[in-house]
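Peer 1: Data: my_file-v2.tsv, TSV, C-alpha atoms.
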chain	number	residue	atom	x	y	z
N	1	ASP	CA	-35.47	-9.75	-5.26
N	2	HIS	CA	-35.69	-12.84	-7.53
N	3	TRP	CA	-31.94	-13.44	-7.26
N	4	ASN	CA	-32.19	-13.90	-3.46
N	5	VAL	CA	-28.97	-12.05	-2.67
N	6	ILE	CA	-28.87	-10.85	0.95
N	7	ASP	CA	-26.23	-9.03	2.98
N	8	SER	CA	-26.79	-9.23	6.75
N	9	ALA	CA	-24.92	-7.14	9.31
N	10	GLU	CA	-24.70	-7.15	13.10
N	11	ASN	CA	-24.77	-3.34	13.34
N	12	ILE	CA	-24.60	-0.24	11.14
N	13	TYR	CA	-23.06	3.13	12.02
N	14	ILE	CA	-24.16	6.19	10.04
N	15	TYR	CA	-22.02	9.34	9.77
N	16	PRO	CA	-24.24	11.88	7.95
N	17	GLN	CA	-21.81	14.73	8.60
N	18	TRP	CA	-19.24	12.96	6.39
N	19	GLY	CA	-21.65	11.20	4.06
N	20	TYR	CA	-20.93	7.51	4.69
N	21	LEU	CA	-22.00	4.51	6.74
N	22	VAL	CA	-20.23	1.37	7.97
N	23	SER	CA	-21.76	-2.06	8.60
N	24	ASN	CA	-19.91	-4.52	10.85
N	25	ASN	CA	-19.81	-8.33	11.09
N	26	ASN	CA	-21.29	-8.89	7.63
N	27	THR	CA	-22.33	-12.13	5.93
N	28	LEU	CA	-23.19	-12.37	2.25
N	29	HIS	CA	-25.91	-14.92	1.43
N	30	ILE	CA	-27.06	-16.26	-1.93
N	31	LYS	CA	-30.34	-18.17	-1.81
N	32	GLU	CA	-30.06	-18.11	2.01
N	33	VAL	CA	-26.68	-19.92	1.87
N	34	PRO	CA	-23.84	-18.01	3.62
N	35	ILE	CA	-21.09	-17.43	1.06
N	36	LEU	CA	-18.70	-14.86	2.55
N	37	TRP	CA	-18.03	-13.17	5.90
N	38	PHE	CA	-16.24	-9.84	6.14
N	39	PRO	CA	-15.69	-7.61	9.21
N	40	SER	CA	-16.46	-4.11	7.88
N	41	PHE	CA	-18.09	-2.67	4.80
N	42	PRO	CA	-18.02	1.13	4.30
N	43	TYR	CA	-20.31	2.81	1.81
N	44	GLY	CA	-20.81	6.41	0.78
N	45	SER	CA	-18.49	9.38	0.45
N	46	ARG	CA	-15.50	8.99	-1.84
N	47	GLN	CA	-13.73	11.68	0.16
N	48	TYR	CA	-11.80	9.04	2.07
N	49	SER	CA	-9.51	7.03	-0.20
N	50	LEU	CA	-9.60	3.76	1.76
N	51	LEU	CA	-13.39	3.70	1.61
N	52	GLU	CA	-13.31	3.64	-2.20
N	53	LYS	CA	-11.86	0.11	-2.22
N	54	SER	CA	-15.02	-1.30	-0.80
N	55	SER	CA	-15.35	-4.83	-2.21
N	56	PRO	CA	-14.45	-7.63	0.24
N	57	ILE	CA	-14.53	-10.17	-2.61
N	58	PRO	CA	-11.07	-10.91	-4.13
N	59	ASP	CA	-9.89	-9.60	-7.49
N	60	ILE	CA	-8.80	-12.35	-9.89
N	61	GLY	CA	-6.83	-11.76	-13.08
N	62	SER	CA	-3.42	-11.62	-14.71
N	63	ASN	CA	-0.91	-9.07	-15.96
N	64	GLU	CA	2.55	-9.11	-17.48
N	65	ARG	CA	4.48	-8.38	-14.31
N	66	GLU	CA	2.61	-10.46	-11.73
N	67	GLY	CA	1.20	-13.26	-13.89
N	68	PHE	CA	-2.02	-14.84	-12.60
N	69	PHE	CA	-3.11	-13.16	-9.37
N	70	VAL	CA	-5.70	-13.33	-6.61
N	71	LYS	CA	-5.87	-10.19	-4.43
N	72	SER	CA	-8.07	-9.66	-1.39
N	73	ASN	CA	-8.57	-6.37	0.49
N	74	THR	CA	-10.50	-6.55	3.77
N	75	ASN	CA	-11.68	-3.32	5.39
N	76	ILE	CA	-11.47	-2.92	9.15
N	77	HIS	CA	-13.41	0.00	10.67
N	78	ILE	CA	-12.47	0.90	14.25
N	79	ASN	CA	-14.23	4.25	14.72
N	80	SER	CA	-15.17	7.39	12.78
N	81	LYS	CA	-11.53	8.49	12.60
N	82	LEU	CA	-9.50	5.29	12.40
N	83	SER	CA	-9.82	2.51	9.83
N	84	GLY	CA	-7.59	0.16	7.90
N	85	GLN	CA	-7.33	-2.47	5.23
N	86	LEU	CA	-5.69	-5.90	5.30
N	87	HIS	CA	-4.23	-7.11	2.02
N	88	LEU	CA	-3.50	-10.73	1.10
N	89	GLY	CA	-2.76	-12.05	-2.35
N	90	TYR	CA	-1.03	-14.61	-4.52
N	91	LEU	CA	1.03	-13.51	-7.55
N	92	GLU	CA	2.08	-16.28	-9.94
N	93	LYS	CA	5.43	-14.69	-10.93
N	94	LEU	CA	6.25	-12.96	-7.64
N	95	GLY	CA	4.83	-15.18	-4.89
N	96	LEU	CA	2.81	-14.29	-1.80
N	97	SER	CA	1.73	-10.68	-1.29
N	98	TYR	CA	0.49	-9.21	1.99
N	99	GLY	CA	0.28	-5.94	3.87
N	100	PHE	CA	-1.74	-3.42	5.86
N	101	SER	CA	-2.96	0.12	5.14
N	102	PRO	CA	-4.10	2.24	8.11
N	103	ALA	CA	-5.91	5.57	7.69
N	104	TYR	CA	-6.60	8.32	10.20
N	105	ILE	CA	-9.03	11.22	9.67
N	106	PHE	CA	-7.99	14.29	11.67
N	107	ASN	CA	-11.09	16.19	10.51
N	108	GLU	CA	-13.22	16.47	7.39
N	109	ASP	CA	-10.45	18.43	5.65
N	110	MET	CA	-7.36	16.39	6.59
N	111	GLN	CA	-6.54	12.70	6.48
N	112	ILE	CA	-3.42	10.55	6.33
N	113	GLU	CA	-3.13	7.08	4.86
N	114	GLY	CA	-0.22	4.71	5.37
N	115	LYS	CA	0.74	1.55	3.55
N	116	ILE	CA	3.14	-1.32	4.02
N	117	ARG	CA	3.09	-4.07	1.43
N	118	TYR	CA	5.22	-7.11	0.58
N	119	HIS	CA	5.23	-7.76	-3.19
N	120	GLY	CA	6.95	-11.14	-3.21
N	121	ILE	CA	10.12	-11.11	-5.34
N	122	ASP	CA	9.68	-7.36	-5.92
N	123	GLY	CA	10.27	-6.84	-2.19
N	124	TRP	CA	8.76	-4.45	0.34
N	125	GLY	CA	6.97	-1.25	-0.60
N	126	GLY	CA	4.62	1.25	0.93
N	127	GLY	CA	4.68	4.77	2.27
N	128	ALA	CA	2.19	7.44	3.29
N	129	THR	CA	-0.06	10.08	1.76
N	130	LEU	CA	-1.36	13.22	3.46
N	131	ARG	CA	-4.32	15.13	1.99
N	132	TRP	CA	-5.38	18.53	3.23
N	133	ASN	CA	-8.22	20.65	1.88
N	134	LEU	CA	-6.87	24.16	2.43
N	135	ILE	CA	-9.75	26.33	1.24
N	136	LYS	CA	-13.46	25.56	1.06
N	137	LYS	CA	-16.36	27.46	-0.41
N	138	LYS	CA	-20.13	27.10	-0.33
N	139	PHE	CA	-21.30	26.29	-3.83
N	140	GLY	CA	-24.89	25.27	-3.08
N	141	VAL	CA	-24.74	22.35	-5.50
N	142	GLU	CA	-28.08	20.62	-5.98
N	143	LYS	CA	-28.33	17.23	-7.64
N	144	LYS	CA	-31.37	16.13	-9.58
N	145	GLU	CA	-33.49	13.49	-7.89
N	146	ASN	CA	-32.66	10.94	-10.60
N	147	GLU	CA	-28.98	11.29	-9.74
N	148	VAL	CA	-29.69	10.09	-6.20
N	149	ASN	CA	-31.55	6.88	-6.88
N	150	ARG	CA	-30.76	4.90	-3.76
N	151	ASP	CA	-32.58	5.34	-0.48
N	152	ILE	CA	-29.35	4.66	1.35
N	153	GLU	CA	-27.80	7.78	-0.18
N	154	LYS	CA	-30.76	9.83	0.98
N	155	ILE	CA	-30.23	8.53	4.51
N	156	ILE	CA	-26.55	9.44	4.73
N	157	GLY	CA	-27.08	12.72	2.93
N	158	THR	CA	-24.21	12.51	0.47
N	159	PHE	CA	-25.98	14.89	-1.91
N	160	ASN	CA	-26.53	17.71	0.60
N	161	ASP	CA	-22.94	18.76	1.23
N	162	ASN	CA	-22.33	22.13	-0.41
N	163	GLN	CA	-18.96	22.68	1.24
N	164	LEU	CA	-16.49	21.81	-1.52
N	165	PRO	CA	-12.70	22.28	-1.52
N	166	ILE	CA	-11.26	24.70	-4.03
N	167	SER	CA	-7.67	24.11	-2.94
N	168	THR	CA	-6.17	20.75	-1.95
N	169	PHE	CA	-2.61	19.92	-0.90
N	170	ARG	CA	-1.32	16.36	-1.14
N	171	ALA	CA	2.07	15.00	-0.06
N	172	SER	CA	3.17	11.41	-0.76
N	173	TRP	CA	6.13	9.17	-0.07
N	174	LEU	CA	5.52	5.86	-1.84
N	175	GLU	CA	7.66	2.93	-2.93
N	176	LYS	CA	6.92	0.22	-5.49
N	177	GLU	CA	3.47	1.40	-6.55
N	178	LEU	CA	2.20	-0.73	-9.46
N	179	ILE	CA	1.02	1.37	-12.44
N	180	TYR	CA	0.12	-0.92	-15.33
N	181	ASN	CA	3.25	-3.14	-15.46
N	182	TYR	CA	5.65	-0.59	-13.92
N	183	ARG	CA	6.91	-0.26	-10.36
N	184	VAL	CA	7.11	3.44	-9.46
N	185	ASP	CA	8.73	5.17	-6.46
N	186	VAL	CA	7.91	8.79	-5.61
N	187	LYS	CA	10.07	10.02	-2.72
N	188	PRO	CA	8.59	12.52	-2.17
N	189	LYS	CA	5.79	13.94	-4.32
N	190	VAL	CA	3.90	17.14	-3.49
N	191	GLU	CA	0.81	18.40	-5.29
N	192	LEU	CA	-1.28	21.55	-5.03
N	193	LEU	CA	-4.64	21.54	-6.81
N	194	VAL	CA	-6.46	24.85	-7.16
N	195	ASN	CA	-9.95	25.03	-8.65
N	196	PRO	CA	-11.24	28.61	-8.25
N	197	ALA	CA	-14.22	28.18	-10.59
N	198	ASP	CA	-17.84	28.28	-9.45
N	199	LEU	CA	-19.01	24.68	-9.82
N	200	ASN	CA	-22.55	25.88	-10.58
N	201	SER	CA	-21.40	27.42	-13.85
N	202	ASN	CA	-20.69	25.74	-17.19
N	203	PHE	CA	-17.08	26.90	-17.04
N	204	GLN	CA	-14.39	25.44	-14.79
N	205	THR	CA	-10.66	25.85	-14.57
N	206	SER	CA	-8.05	24.20	-12.39
N	207	PHE	CA	-4.32	24.40	-11.76
N	208	LEU	CA	-2.13	21.49	-10.66
N	209	ILE	CA	1.44	22.02	-9.45
N	210	GLN	CA	3.58	18.93	-8.85
N	211	ALA	CA	7.15	18.22	-7.78
N	212	GLU	CA	8.54	14.74	-7.35
N	213	ASP	CA	11.64	12.60	-7.17
N	214	ARG	CA	10.66	9.56	-9.22
N	215	LEU	CA	12.09	6.11	-9.94
N	216	GLU	CA	10.40	3.97	-12.58
N	217	GLU	CA	11.15	0.27	-13.19
N	218	GLY	CA	9.74	-1.26	-16.38
N	219	PRO	CA	8.60	-4.85	-17.03
N	220	THR	CA	12.08	-5.78	-18.31
N	221	GLY	CA	13.81	-4.45	-15.19
N	222	ASN	CA	15.14	-1.25	-16.75
N	223	GLN	CA	15.17	1.69	-14.32
N	224	ILE	CA	14.77	5.43	-14.95
N	225	MET	CA	15.18	8.04	-12.22
N	226	SER	CA	14.59	11.78	-12.46
N	227	LYS	CA	13.35	14.81	-10.58
N	228	ARG	CA	10.35	16.54	-12.12
N	229	VAL	CA	8.51	19.81	-11.65
N	230	SER	CA	5.19	20.11	-13.47
N	231	ILE	CA	2.62	22.89	-13.87
N	232	GLU	CA	-0.70	22.03	-15.49
N	233	ASN	CA	-3.78	24.10	-16.27
N	234	THR	CA	-7.08	22.59	-17.40
N	235	THR	CA	-10.06	24.66	-18.55
N	236	VAL	CA	-13.41	22.98	-19.20
N	237	SER	CA	-16.77	24.21	-20.52
N	238	PHE	CA	-20.07	22.26	-20.68
N	239	TYR	CA	-23.14	22.51	-22.91
N	240	ASN	CA	-26.38	20.49	-22.82
N	241	VAL	CA	-28.74	20.32	-25.81
N	242	PHE	CA	-31.93	18.44	-26.77
N	243	ASN	CA	-33.32	18.13	-23.23
N	244	ASP	CA	-29.90	17.30	-21.81
N	245	ASN	CA	-29.65	14.12	-23.91
N	246	ILE	CA	-26.57	15.46	-25.73
N	247	LYS	CA	-23.67	16.78	-23.68
N	248	ILE	CA	-20.68	18.64	-25.10
N	249	LYS	CA	-17.50	19.19	-23.13
N	250	ASN	CA	-14.55	21.30	-24.29
N	251	SER	CA	-11.21	21.30	-22.50
N	252	LEU	CA	-7.81	22.90	-22.91
N	253	GLN	CA	-4.89	21.34	-21.02
N	254	THR	CA	-1.35	22.65	-20.91
N	255	GLN	CA	1.53	21.17	-18.93
N	256	ALA	CA	5.20	22.03	-18.62
N	257	ASN	CA	7.69	19.50	-17.20
N	258	LEU	CA	11.31	20.15	-16.23
N	259	TYR	CA	13.61	17.21	-15.43
N	260	LYS	CA	16.87	17.07	-13.48
N	261	ASN	CA	19.11	16.99	-16.58
N	262	ASN	CA	17.43	20.24	-17.74
N	263	THR	CA	15.42	18.46	-20.43
N	264	LYS	CA	11.88	19.75	-20.90
N	265	TRP	CA	8.56	18.44	-22.10
N	266	ILE	CA	5.83	20.95	-22.90
N	267	ASN	CA	2.46	19.70	-24.09
N	268	SER	CA	-0.79	21.51	-24.93
N	269	LEU	CA	-4.00	19.65	-25.86
N	270	PHE	CA	-7.48	20.75	-26.90
N	271	SER	CA	-10.31	18.21	-26.74
N	272	ILE	CA	-14.02	18.15	-27.48
N	273	GLU	CA	-16.22	15.38	-26.11
N	274	VAL	CA	-19.75	14.62	-27.29
N	275	SER	CA	-21.90	12.12	-25.39
N	276	VAL	CA	-25.43	10.96	-26.27
N	277	GLU	CA	-27.73	9.34	-23.71
N	278	ASP	CA	-30.81	7.14	-24.06
N	279	ILE	CA	-29.82	5.59	-27.40
N	280	ILE	CA	-28.17	2.22	-28.15
N	281	GLY	CA	-24.63	2.16	-26.83
N	282	ASN	CA	-24.87	5.54	-25.07
N	283	PRO	CA	-21.90	6.64	-27.23
N	284	LYS	CA	-19.27	9.11	-26.13
N	285	VAL	CA	-16.72	10.34	-28.68
N	286	THR	CA	-13.71	12.53	-27.89
N	287	PHE	CA	-11.46	14.28	-30.40
N	288	THR	CA	-8.14	15.55	-29.05
N	289	LYS	CA	-5.92	17.96	-30.97
N	290	SER	CA	-2.25	18.32	-30.03
N	291	LEU	CA	-1.63	22.08	-30.21
N	292	TYR	CA	1.98	21.97	-29.05
N	293	ASN	CA	4.34	19.15	-28.15
N	294	LYS	CA	8.03	19.86	-27.63
N	295	GLY	CA	10.60	17.66	-25.95
N	296	GLU	CA	9.95	14.28	-24.39
N	297	SER	CA	9.54	12.77	-20.95
N	298	PRO	CA	12.28	10.27	-20.00
N	299	PHE	CA	9.67	8.04	-18.33
N	300	GLU	CA	8.26	5.12	-20.32
N	301	LEU	CA	4.87	5.48	-18.65
N	302	ASP	CA	4.54	9.00	-20.07
N	303	GLN	CA	5.81	7.89	-23.48
N	304	ASN	CA	3.38	4.96	-23.67
N	305	TYR	CA	0.25	6.35	-22.00
N	306	SER	CA	0.26	10.15	-22.35
N	307	ILE	CA	-1.33	11.75	-25.41
N	308	GLN	CA	1.46	12.76	-27.78
N	309	THR	CA	-0.48	13.46	-30.98
N	310	ASP	CA	-4.03	13.94	-32.31
N	311	GLU	CA	-6.35	11.12	-31.33
N	312	ILE	CA	-9.94	9.86	-31.28
N	313	GLY	CA	-11.49	8.32	-28.17
N	314	VAL	CA	-14.62	6.15	-28.21
N	315	HIS	CA	-16.65	4.89	-25.24
N	316	LEU	CA	-19.73	2.66	-25.49
N	317	PHE	CA	-21.89	1.27	-22.68
N	318	GLN	CA	-25.04	-0.82	-23.06
N	319	LYS	CA	-27.27	-2.50	-20.47
N	320	LEU	CA	-29.28	-5.60	-21.37
N	321	GLY	CA	-31.42	-6.27	-18.33
N	322	ASP	CA	-29.02	-7.14	-15.53
N	323	PHE	CA	-26.12	-7.53	-17.98
N	324	PHE	CA	-23.89	-4.81	-19.37
N	325	ILE	CA	-21.15	-4.54	-21.98
N	326	ALA	CA	-18.68	-1.68	-22.42
N	327	PHE	CA	-15.88	-0.67	-24.75
N	328	GLU	CA	-13.31	2.10	-24.40
N	329	GLY	CA	-10.55	2.91	-26.88
N	330	ASN	CA	-8.12	5.71	-27.77
N	331	TYR	CA	-6.61	5.82	-31.26
N	332	PRO	CA	-3.86	8.23	-32.37
N	333	ILE	CA	-4.40	9.87	-35.77
N	334	GLN	CA	-1.66	11.68	-37.67
N	335	SER	CA	-1.43	11.87	-41.46
N	336	ASN	CA	2.37	11.70	-41.73
N	337	ILE	CA	2.79	8.59	-39.54
N	338	LYS	CA	1.90	5.14	-40.86
N	339	ASN	CA	0.80	2.09	-38.88
N	340	LEU	CA	-0.21	3.99	-35.77
N	341	LYS	CA	-1.40	1.56	-33.09
N	342	PRO	CA	-4.14	2.13	-30.49
N	343	ARG	CA	-2.81	3.89	-27.38
N	344	PHE	CA	-5.32	2.21	-25.10
N	345	TYR	CA	-8.42	0.07	-25.28
N	346	LYS	CA	-10.49	-1.91	-22.83
N	347	LEU	CA	-13.32	-4.43	-23.12
N	348	SER	CA	-15.55	-5.22	-20.17
N	349	THR	CA	-18.75	-7.08	-19.46
N	350	GLY	CA	-20.66	-8.22	-16.43
N	351	LEU	CA	-23.94	-8.17	-14.61
N	352	THR	CA	-25.52	-6.58	-11.57
N	353	LEU	CA	-27.52	-8.77	-9.21
N	354	HIS	CA	-29.32	-6.81	-6.52
N	355	CYS	CA	-26.39	-5.17	-4.70
N	356	ILE	CA	-23.49	-6.97	-6.40
N	357	THR	CA	-21.76	-6.09	-9.68
N	358	TYR	CA	-19.57	-8.76	-11.31
N	359	GLU	CA	-17.19	-7.38	-13.93
N	360	PHE	CA	-14.76	-9.07	-16.33
N	361	SER	CA	-12.36	-6.78	-18.22
N	362	ILE	CA	-9.53	-7.15	-20.73
N	363	LEU	CA	-6.77	-4.64	-21.52
N	364	PRO	CA	-5.02	-6.27	-24.51
N	365	ILE	CA	-2.17	-3.76	-24.88
N	366	GLU	CA	-1.18	-4.09	-21.22
N	367	LYS	CA	-1.79	-7.88	-21.34
N	368	GLN	CA	-4.13	-7.56	-18.38
N	369	VAL	CA	-7.24	-9.57	-17.51
N	370	ARG	CA	-9.33	-8.93	-14.39
N	371	PHE	CA	-12.42	-10.32	-12.74
N	372	GLY	CA	-13.68	-8.17	-9.90
N	373	VAL	CA	-16.76	-7.84	-7.71
N	374	ASN	CA	-18.16	-4.67	-6.18
N	375	LEU	CA	-20.95	-4.41	-3.63
N	376	LEU	CA	-23.65	-1.76	-4.01
Take the structure from the file and write it as structure tokens.
Peer 2:
Amino acid sequence: DHWNVIDSAENIYIYPQWGYLVSNNNTLHIKEVPILWFPSFPYGSRQYSLLEKSSPIPDIGSNEREGFFVKSNTNIHINSKLSGQLHLGYLEKLGLSYGFSPAYIFNEDMQIEGKIRYHGIDGWGGGATLRWNLIKKKFGVEKKENEVNRDIEKIIGTFNDNQLPISTFRASWLEKELIYNYRVDVKPKVELLVNPADLNSNFQTSFLIQAEDRLEEGPTGNQIMSKRVSIENTTVSFYNVFNDNIKIKNSLQTQANLYKNNTKWINSLFSIEVSVEDIIGNPKVTFTKSLYNKGESPFELDQNYSIQTDEIGVHLFQKLGDFFIAFEGNYPIQSNIKNLKPRFYKLSTGLTLHCITYEFSILPIEKQVRFGVNLL
């Protein structure tokens, strides 16, 4: 490769039954100069949550709550069942941040992940999450060859697993999770996801049942606490036209929320998404219609980031050689309300050199800036 980017490893362990591999004692070289050493690098199946956070290179950025930050997550792989992640960071407004997240895989259907984290002035947080796939079914899913374009994925066999869960139970007890600029406690939260649809068909439906005791602290320090029970159904259908270059996705989502003071929030949304491939910008446009919206959630996160009215979503992505640029935005539209502001938008750009992707992103509404690096 003309960029001369090399990742060397002392040894590599492959787990084809679970669809991932782990390299140990890694050194990243650029033009044969060692730049970074990291102990473990997992790659492959996204079934295991810790393995998703796979970049050993620190995140750099800023947000309203933490100010300028540098955050580093280092994976430590002990064996096929036990792994962990060391966290170390500096937060301009909060001070030093550090912690550890262990994970244990009982079997391919059950795993538990713990977390203990010091957030500087915000104090200690953490907790644990248990995930259990209750029911599995053979779907016989086959991916097209162009969807598996890396030899490494062929080796670990991530595209051959036709055993997919149709029912998943998740239980969490978490304190001081950062969502945008909000600290959120869920003590506890239980979820049951049921997806009885045949994934080979163009029609899918799922049910999500949640119950939680939640505390939310906003950027100004205001706190809101409530119990919530939520039932949500999502139905999706897919259509491909013009040699699969145009994809159409319809979805109907309905949720009902009951809070501890007997207030309710019921919301029903219909959306249609049209995406076009192999043209400039690879545009994807989504129109969402609010069919029913009664009541209101007491939580500011729901008020600020959940869809409350009709809206248009736009997503653009363009590659220019090794470089890329992307835009994503969601804009409420309602004829009887003036001066509606965008609900969300994000600008990002970066480049991919051999096995490394450098990305710079801006979220203006949330006052967030991030520079991150991902391997592979």
Peer 1: My list of candidates is N:Val190, N:Phe68, N:Asn133, N:Tyr180. Which is closest to Pro364 in chain N when distances are computed with all atoms listed in the file?
Peer 2: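 Using all atoms listed in the file, the shortest distance to Pro364 in chain N belongs to N:Tyr180.
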Peer 1: Separation of CA of Lys71 in chain N and CA of Tyr98 in chain N, in Å?
Peer 2: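 Distance reported for this atom pair: 9.1 Å.
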Peer 1: Go ahead and compute the interatomic distance for CA of Phe270 in chain N and CA of Gln255 in chain N, in Å to one decimal.
Peer 2: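 Distance between the two atoms: 12.0 Å.
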Peer 1: Could you tell me how far CA of Asn195 in chain N lies from CA of Asn107 in chain N, in Å and to one decimal?
Peer 2: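 Rounded to one decimal, the two atoms are 21.1 Å apart.
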Peer 1: Name all residues at most 6 Å from range 345-351 of chain N (count all atoms listed in the file; drop same-chain ones fewer than 4 positions away) and give them as number ranges by chain.
Peer 2: N: 322-329, 357-363
Peer 1: Using 6 Å of padding on each side, determine the axis-aligned box around all atoms of range 54-71 of chain N present in the file and give its centre and edge lengths in Å to one decimal, as lines of an AutoDock Vina configuration file.
Peer 2:
center_x = -5.4
center_y = -8.1
center_z = -8.6
size_x = 31.8
size_y = 25.5
size_z = 29.7
Peer 1: Would you mind listing what lies within 8 Å of Leu88 in chain N as a VMD selection string, with only C-alpha atoms counted and same-chain residues fewer than 2 positions away left out?
Peer 2: chain N and resid 71 to 73 86 90 96 to 99
Peer 1: Taking all atoms listed in the file into account, name the residue in N:Leu269, N:Ile135, N:Ile78, N:Val241 that is nearest to Phe287 in chain N.
Peer 2: N:Leu269
Peer 1: Need the neighbours of (19.0, 18.7, -19.1): which residues are at most 12 Å away, counting all atoms listed in the file, as a list in words?
Peer 2: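 Final list of nearby residues, as requested, is Ser226, Lys227, Arg228, Asn257, Leu258, Tyr259, Lys260, Asn261, Asn262, Thr263, Lys264, Trp265, Gly295, Glu296, Ser297 and Pro298 of chain N.
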Peer 1: Which of these, N:Gly321, N:Gly114, N:Gly126, N:Gly281, has the shortest distance to Gly84 in chain N once you count only C-alpha atoms?
Peer 2: N:Gly114
Peer 1: Pick out the closest residue to Gln303 in chain N from this set: N:Lys284, N:Ile209, N:Trp124, N:Arg343. Count only C-alpha atoms.
Peer 2: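 Distance minimum relative to Gln303 in chain N lands on N:Arg343.
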Peer 1: So which residues touch Ile76 in chain N within 7 Å, counting only C-alpha atoms, skipping near sequence neighbours fewer than 3 positions away, as a list of chain:residue names?
Peer 2: N:Pro39, N:Ser40, N:Ser83, N:Gly84, N:Gln85
Peer 1: Looking at N:Asn374, N:Asn79, N:Thr205, N:Ser237, which one is nearest to Asp59 in chain N, with distances taken over all atoms listed in the file?
Peer 2: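 Going through N:Asn374, N:Asn79, N:Thr205, N:Ser237 one by one, the smallest distance to Asp59 in chain N is for N:Asn374.
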Peer 1: Between N:Ser172, N:Lys294, N:Glu311, N:Lys247, which residue has the minimum interatomic distance to Asn282 in chain N, considering all atoms listed in the file?
Peer 2: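 Closest residue, counting all atoms listed in the file: N:Lys247.
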Peer 1: Would you fill out range 177-194 of chain N with N, CA and C atoms and return it as a PDB file, in the frame of the given file?
Peer 2:
ATOM      1  N   GLU N 177       4.854   1.361  -6.094  1.00  0.00           N
ATOM      2  CA  GLU N 177       3.470   1.400  -6.550  1.00  0.00           C
ATOM      3  C   GLU N 177       3.387   0.755  -7.928  1.00  0.00           C
ATOM      4  N   LEU N 178       2.355  -0.061  -8.167  1.00  0.00           N
ATOM      5  CA  LEU N 178       2.200  -0.730  -9.460  1.00  0.00           C
ATOM      6  C   LEU N 178       1.261   0.097 -10.335  1.00  0.00           C
ATOM      7  N   ILE N 179       1.800   0.622 -11.447  1.00  0.00           N
ATOM      8  CA  ILE N 179       1.020   1.370 -12.440  1.00  0.00           C
ATOM      9  C   ILE N 179       1.163   0.624 -13.760  1.00  0.00           C
ATOM     10  N   TYR N 180       0.063   0.023 -14.219  1.00  0.00           N
ATOM     11  CA  TYR N 180       0.120  -0.920 -15.330  1.00  0.00           C
ATOM     12  C   TYR N 180       1.163  -1.991 -14.994  1.00  0.00           C
ATOM     13  N   ASN N 181       2.243  -2.121 -15.761  1.00  0.00           N
ATOM     14  CA  ASN N 181       3.250  -3.140 -15.460  1.00  0.00           C
ATOM     15  C   ASN N 181       4.549  -2.532 -14.928  1.00  0.00           C
ATOM     16  N   TYR N 182       4.466  -1.313 -14.395  1.00  0.00           N
ATOM     17  CA  TYR N 182       5.650  -0.590 -13.920  1.00  0.00           C
ATOM     18  C   TYR N 182       5.598  -0.427 -12.407  1.00  0.00           C
ATOM     19  N   ARG N 183       6.750  -0.614 -11.755  1.00  0.00           N
ATOM     20  CA  ARG N 183       6.910  -0.260 -10.360  1.00  0.00           C
ATOM     21  C   ARG N 183       7.430   1.179 -10.299  1.00  0.00           C
ATOM     22  N   VAL N 184       6.765   2.021  -9.512  1.00  0.00           N
ATOM     23  CA  VAL N 184       7.110   3.440  -9.460  1.00  0.00           C
ATOM     24  C   VAL N 184       7.326   3.858  -8.011  1.00  0.00           C
ATOM     25  N   ASP N 185       8.443   4.541  -7.747  1.00  0.00           N
ATOM     26  CA  ASP N 185       8.730   5.170  -6.460  1.00  0.00           C
ATOM     27  C   ASP N 185       8.588   6.677  -6.619  1.00  0.00           C
ATOM     28  N   VAL N 186       7.919   7.327  -5.673  1.00  0.00           N
ATOM     29  CA  VAL N 186       7.910   8.790  -5.610  1.00  0.00           C
ATOM     30  C   VAL N 186       8.312   9.163  -4.178  1.00  0.00           C
ATOM     31  N   LYS N 187       9.498   9.774  -4.041  1.00  0.00           N
ATOM     32  CA  LYS N 187      10.070  10.020  -2.720  1.00  0.00           C
ATOM     33  C   LYS N 187      10.757  11.391  -2.684  1.00  0.00           C
ATOM     34  N   PRO N 188      10.038  12.432  -2.389  1.00  0.00           N
ATOM     35  CA  PRO N 188       8.590  12.520  -2.170  1.00  0.00           C
ATOM     36  C   PRO N 188       7.890  13.061  -3.431  1.00  0.00           C
ATOM     37  N   LYS N 189       6.580  13.263  -3.301  1.00  0.00           N
ATOM     38  CA  LYS N 189       5.790  13.940  -4.320  1.00  0.00           C
ATOM     39  C   LYS N 189       4.837  14.891  -3.618  1.00  0.00           C
ATOM     40  N   VAL N 190       4.821  16.149  -4.056  1.00  0.00           N
ATOM     41  CA  VAL N 190       3.900  17.140  -3.490  1.00  0.00           C
ATOM     42  C   VAL N 190       3.040  17.693  -4.613  1.00  0.00           C
ATOM     43  N   GLU N 191       1.753  17.899  -4.302  1.00  0.00           N
ATOM     44  CA  GLU N 191       0.810  18.400  -5.290  1.00  0.00           C
ATOM     45  C   GLU N 191      -0.049  19.487  -4.662  1.00  0.00           C
ATOM     46  N   LEU N 192      -0.343  20.501  -5.439  1.00  0.00           N
ATOM     47  CA  LEU N 192      -1.280  21.550  -5.030  1.00  0.00           C
ATOM     48  C   LEU N 192      -2.302  21.708  -6.148  1.00  0.00           C
ATOM     49  N   LEU N 193      -3.559  21.410  -5.845  1.00  0.00           N
ATOM     50  CA  LEU N 193      -4.640  21.540  -6.810  1.00  0.00           C
ATOM     51  C   LEU N 193      -5.490  22.739  -6.436  1.00  0.00           C
ATOM     52  N   VAL N 194      -5.663  23.648  -7.386  1.00  0.00           N
ATOM     53  CA  VAL N 194      -6.460  24.850  -7.160  1.00  0.00           C
ATOM     54  C   VAL N 194      -7.566  24.887  -8.210  1.00  0.00           C
TER      55      VAL N 194
END
